[in-house]
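To be precise, the following lines are coords_22.txt, and they hold compact mmCIF, C-alpha atoms.
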```txt
# COMPACT_ATOMS: atom_id res chain seq x y z
CA MET A 1 0.00 0.00 0.00
CA LYS A 2 1.44 3.35 -0.99
CA ASN A 3 1.68 5.87 1.84
CA ILE A 4 -0.28 8.99 0.86
CA LEU A 5 0.26 11.01 4.02
CA PRO A 6 2.62 14.03 3.86
CA GLY A 7 4.06 13.37 7.33
CA ARG A 8 3.85 9.83 8.61
CA LEU A 9 2.32 8.76 11.90
CA ASN A 10 4.27 6.49 14.21
CA PRO A 11 1.75 3.69 14.92
CA PHE A 12 3.10 3.18 18.43
CA SER A 13 3.52 6.74 19.72
CA GLY A 14 0.99 8.61 17.58
CA SER A 15 3.57 11.29 16.79
CA ARG A 16 4.34 12.59 13.33
CA GLU A 17 7.63 11.67 11.76
CA THR A 18 9.10 13.91 9.10
CA ALA A 19 11.95 11.61 8.06
CA GLN A 20 12.01 10.34 4.48
CA GLU A 21 11.78 6.68 5.52
CA PRO A 22 8.35 5.42 6.64
CA PRO A 23 8.26 3.69 10.05
CA CYS A 24 7.33 0.45 8.30
CA ALA A 25 7.76 -1.11 4.89
CA MET A 26 4.01 -0.72 4.19
CA ASP A 27 3.71 -4.39 3.21
CA CYS A 28 0.35 -4.58 4.99
CA GLY A 29 -0.53 -8.07 3.84
CA SER A 30 2.26 -9.76 5.80
CA CYS A 31 2.52 -7.29 8.68
CA LYS A 32 1.90 -8.65 12.19
CA LYS A 33 0.31 -5.33 13.19
CA ASN A 34 -2.00 -5.31 10.16
CA GLY A 35 -5.21 -5.01 12.18
CA VAL A 36 -3.96 -2.22 14.46
CA CYS A 37 -1.77 -0.16 12.13
CA ARG A 38 -2.50 3.52 12.68
CA ILE A 39 -0.85 4.56 9.39
CA ARG A 40 -3.01 2.23 7.32
CA ALA A 41 -6.21 3.16 9.16
CA VAL A 42 -5.57 6.89 8.74
CA GLN A 43 -4.80 6.50 5.03
CA VAL A 44 -7.92 4.47 4.31
CA LEU A 45 -10.23 6.65 6.37
CA ARG A 46 -8.79 9.90 4.95
CA ALA A 47 -9.35 8.64 1.42
CA ALA A 48 -12.95 7.73 2.30
CA GLY A 49 -13.43 11.11 3.99
CA ARG A 50 -12.10 13.02 0.97
CA PHE A 51 -14.45 11.08 -1.30
CA ALA A 52 -17.41 11.79 1.00
CA GLU A 53 -16.59 15.52 1.09
CA GLU A 54 -16.26 15.73 -2.70
CA ALA A 55 -19.42 13.69 -3.36
CA GLY A 56 -21.38 15.75 -0.82
CA THR A 57 -20.69 19.01 -2.64
CA LYS A 58 -22.10 17.81 -5.98
CA ASP A 59 -25.70 17.97 -7.18
CA GLY A 60 -27.84 14.94 -7.97
CA ALA A 61 -29.06 11.99 -5.98
CA GLU A 62 -26.92 9.41 -7.79
CA LEU A 63 -23.19 8.91 -8.13
CA SER A 64 -21.69 9.24 -11.60
CA ALA A 65 -19.92 6.27 -13.17
CA ALA A 66 -16.55 7.91 -12.41
CA GLU A 67 -17.56 8.46 -8.77
CA MET A 68 -18.73 4.86 -8.52
CA GLY A 69 -15.34 3.69 -9.80
CA ARG A 70 -13.51 5.83 -7.22
CA MET A 71 -15.78 4.62 -4.44
CA LEU A 72 -15.20 0.96 -5.37
CA SER A 73 -11.43 1.55 -5.31
CA ILE A 74 -11.68 3.07 -1.83
CA LEU A 75 -13.92 0.26 -0.58
CA ASP A 76 -11.38 -2.22 -1.95
CA THR A 77 -8.90 -0.84 0.59
CA VAL A 78 -11.47 -0.68 3.40
CA LYS A 79 -12.48 -4.37 3.23
CA PRO A 80 -9.01 -5.82 3.99
CA LEU A 81 -8.50 -3.28 6.77
CA GLN A 82 -11.89 -4.20 8.24
CA ALA A 83 -11.11 -7.93 8.05
CA ALA A 84 -7.72 -7.41 9.73
CA ALA A 85 -9.22 -5.21 12.45
CA GLU A 86 -12.03 -7.72 13.09
CA GLY A 87 -9.57 -10.63 13.28
CA TYR A 88 -7.30 -8.76 15.68
CA SER A 89 -10.24 -7.66 17.84
CA LEU A 90 -11.70 -11.16 18.02
CA ASP A 91 -8.30 -12.53 19.06
CA GLU A 92 -8.10 -9.88 21.78
CA LEU A 93 -11.60 -10.67 23.06
CA LEU A 94 -10.92 -14.40 23.06
CA ALA A 95 -7.73 -13.75 25.03
CA GLY A 96 -9.85 -12.06 27.73
CA ARG A 97 -9.08 -8.44 26.87
CA GLU A 98 -11.81 -5.88 26.20
CA ILE A 99 -12.67 -3.95 23.06
CA PRO A 100 -15.16 -1.25 24.21
CA GLY A 101 -18.52 -1.64 22.49
CA TRP A 102 -17.78 -5.13 21.14
CA LYS A 103 -18.06 -8.72 22.34
CA SER A 104 -17.52 -12.19 20.94
CA VAL A 105 -20.49 -14.53 20.52
CA ALA A 106 -21.00 -18.07 19.27
CA GLY A 107 -21.71 -18.09 15.55
CA SER A 108 -24.29 -20.29 13.86
CA SER A 109 -23.70 -24.02 13.68
CA ASN A 110 -25.42 -27.08 12.29
CA ARG A 111 -26.75 -29.93 14.40
CA ARG A 112 -25.07 -33.30 13.98
CA PHE A 113 -25.46 -36.78 15.39
CA THR A 114 -23.07 -37.95 18.09
CA ASP A 115 -23.69 -41.50 16.84
CA ALA A 116 -25.50 -41.56 13.47
CA GLU A 117 -25.79 -45.36 13.36
CA ALA A 118 -27.44 -45.52 16.81
CA ALA A 119 -29.83 -42.68 15.93
CA ILE A 120 -30.91 -44.37 12.69
CA ALA A 121 -31.30 -47.72 14.48
CA ALA A 122 -33.50 -46.06 17.13
CA LEU A 123 -35.67 -44.39 14.46
CA ALA A 124 -35.95 -47.68 12.53
CA ALA A 125 -36.97 -49.48 15.72
CA ALA A 126 -39.66 -46.83 16.22
CA GLY A 127 -41.16 -47.72 12.83
CA VAL A 128 -39.54 -45.17 10.51
CA PRO A 129 -38.65 -46.93 7.24
CA GLU A 130 -34.85 -47.15 7.14
CA HIS A 131 -34.59 -46.31 3.42
CA THR A 132 -36.12 -42.87 4.12
CA LEU A 133 -33.25 -42.04 6.50
CA TYR A 134 -30.54 -42.35 3.83
CA GLU A 135 -29.81 -40.30 0.76
CA ARG A 136 -28.32 -41.80 -2.39
CA LYS A 137 -26.59 -39.34 -4.66
CA PRO A 138 -23.84 -39.64 -7.28
CA LEU A 139 -20.34 -38.35 -6.81
CA SER A 140 -19.41 -35.05 -8.47
CA PRO A 141 -17.65 -35.09 -11.86
CA ALA A 142 -14.35 -34.16 -10.17
CA GLN A 143 -14.70 -37.01 -7.66
CA VAL A 144 -15.54 -39.56 -10.38
CA GLU A 145 -12.63 -38.36 -12.56
CA LYS A 146 -10.26 -38.77 -9.62
CA LEU A 147 -11.65 -42.25 -8.96
CA VAL A 148 -11.51 -43.67 -12.53
CA GLY A 149 -8.82 -41.47 -14.13
CA LYS A 150 -9.00 -38.69 -16.71
CA ALA A 151 -8.85 -40.91 -19.80
CA VAL A 152 -11.65 -43.26 -18.75
CA PHE A 153 -13.74 -40.38 -17.48
CA SER A 154 -13.36 -38.37 -20.71
CA ARG A 155 -14.07 -41.38 -22.90
CA TYR A 156 -17.23 -42.58 -21.19
CA ALA A 157 -18.67 -39.63 -19.26
CA GLY A 158 -17.16 -36.57 -20.94
CA ALA A 159 -20.21 -36.06 -23.17
CA TYR A 160 -22.41 -35.76 -20.09
CA VAL A 161 -20.45 -32.99 -18.38
CA VAL A 162 -21.03 -29.27 -18.79
CA LYS A 163 -19.21 -26.40 -17.09
CA PRO A 164 -21.61 -23.48 -16.71
CA ALA A 165 -20.39 -19.90 -16.45
CA GLY A 166 -19.70 -18.80 -12.91
CA LYS A 167 -21.73 -16.19 -11.08
CA PRO A 168 -20.89 -12.65 -12.25
CA LYS A 169 -18.31 -10.96 -10.04
CA LEU A 170 -17.11 -7.37 -9.92
CA VAL A 171 -13.33 -7.01 -10.38
CA PRO A 172 -10.98 -4.16 -11.31
CA GLU A 173 -10.56 -3.48 -15.02
CA SER A 174 -6.95 -4.70 -14.78
CA ASP A 175 -8.15 -8.28 -14.06
CA ARG A 176 -6.95 -10.67 -16.78
CA ARG A 177 -10.28 -12.49 -17.18
CA SER A 178 -12.54 -11.60 -20.09
CA PRO A 179 -15.68 -9.57 -19.34
CA TYR A 180 -18.86 -11.44 -18.40
CA ARG A 181 -21.47 -11.44 -21.15
CA TYR A 182 -25.07 -11.81 -20.05
CA LEU A 183 -27.11 -13.88 -22.51
CA PRO A 184 -30.85 -13.78 -21.78
CA SER A 185 -32.55 -17.18 -21.89
```
Represent the structure of the file as structure tokens.
Amino acid sequence: MKNILPGRLNPFSGSRETAQEPPCAMDCGSCKKNGVCRIRAVQVLRAAGRFAEEAGTKDGAELSAAEMGRMLSILDTVKPLQAAAEGYSLDELLAGREIPGWKSVAGSSNRRFTDAEAAIAALAAAGVPEHTLYERKPLSPAQVEKLVGKAVFSRYAGAYVVKPAGKPKLVPESDRRSPYRYLPS
């Protein structure tokens, strides 16, 4: 991440440094202090603030295409910072330290059997037909190909396999993939 601040903040003391060298290498992705880096937070939030000030002075209820592009670029820097800050904060909470205004909670989970065979046997003994408690479904094409080998799979089942287009996804224009083309059915 390029440092866009004129004077840099020391993330540990909060003071401004005027030296030419930044206090860190700005390789945010591998930094241990990624979630608590003052420099990164200030840069991201200043960029968002500048955008909000500029957009707020213009007429119209909708953003222009150029403004939308700028906003997406800013949000692209906010998401990783948010994820790093959330990860750091959760680690702190789980270690017993406090983050004012936040707490950790149990997320959603799925029920599961402690002993599936015993549960099915008990249901069958109660009169539930055993065949209704099982699901029979084929393996996926990738699983079958791994099982029988590419040559056998291509020869006998290749005609029955289709790879649909993936769900449309928004990416920067510099992405090497070709643009998604919507074809109405």
Would you kindly return, as a PDB file with C-alpha atoms, in the coordinates of the input, each protein, DNA or RNA residue with an atom no farther than 12 Å from any atom of A:Glu54, considering all atoms listed in the file and excluding same-chain residues fewer than 6 positions away?
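Saved result, around00.pdb, follows:
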```
ATOM      1  CA  ALA A  47      -9.350   8.640   1.420  1.00  0.00           C
ATOM      2  CA  ALA A  48     -12.950   7.730   2.300  1.00  0.00           C
ATOM      3  CA  LEU A  63     -23.190   8.910  -8.130  1.00  0.00           C
ATOM      4  CA  GLU A  67     -17.560   8.460  -8.770  1.00  0.00           C
ATOM      5  CA  ARG A  70     -13.510   5.830  -7.220  1.00  0.00           C
ATOM      6  CA  MET A  71     -15.780   4.620  -4.440  1.00  0.00           C
TER       7      MET A  71
END
```
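Distance check against A:Ala84 using only C-alpha atoms: of A:Gly35, A:Pro168, A:Gly107, A:Gly101, the minimum falls on A:Gly35.
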Q: Name the closest residue to A:Val171 among the candidates A:Val152, A:Leu72, A:Ala121, A:Cys37; distances are taken between atoms, counting all atoms listed in the file.
A: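 For A:Val171, the nearest of the candidates is A:Leu72.
Of the listed residues A:Leu170, A:Val144, A:Ala41, A:Val161, the one whose atoms come nearest to A:Leu81 is A:Ala41, with distances taken using only C-alpha atoms.
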(Q) One decimal, in Å: what's the spacing between atom CA of A:Ala124 and atom CA of A:Leu139? (A)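 Straight-line distance from atom CA of A:Ala124 to atom CA of A:Leu139 works out to 26.5 Å.
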Q) In Å, with one decimal, what is the gap from atom CA of A:Ile74 to atom CA of A:Lys169? A)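 For atom CA of A:Ile74 relative to atom CA of A:Lys169, the distance reads 17.6 Å.
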Q) Quick one: of A:Val162, A:Arg46, A:Glu92, A:Glu130, who's nearest to A:Ala142, counting all atoms listed in the file? A)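 For A:Ala142, the nearest of the candidates is A:Val162.
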(Q) Using Å and a single decimal, report how far atom CA of A:Ile39 sits from atom CA of A:Leu75. (A)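 Here the two named atoms are 17.0 Å from each other.
Proximity to A:Gly166 was assessed for A:Ser154, A:Tyr180, A:Thr114, A:His131 counting only C-alpha atoms; the smallest distance is recorded for A:Tyr180.
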Q | Which of A:Ala66, A:Ala52, A:Pro141, A:Val36 sits closest to A:Ser89 [using all atoms listed in the file] | A |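 Using all atoms listed in the file, A:Ser89 sits closest to A:Val36.
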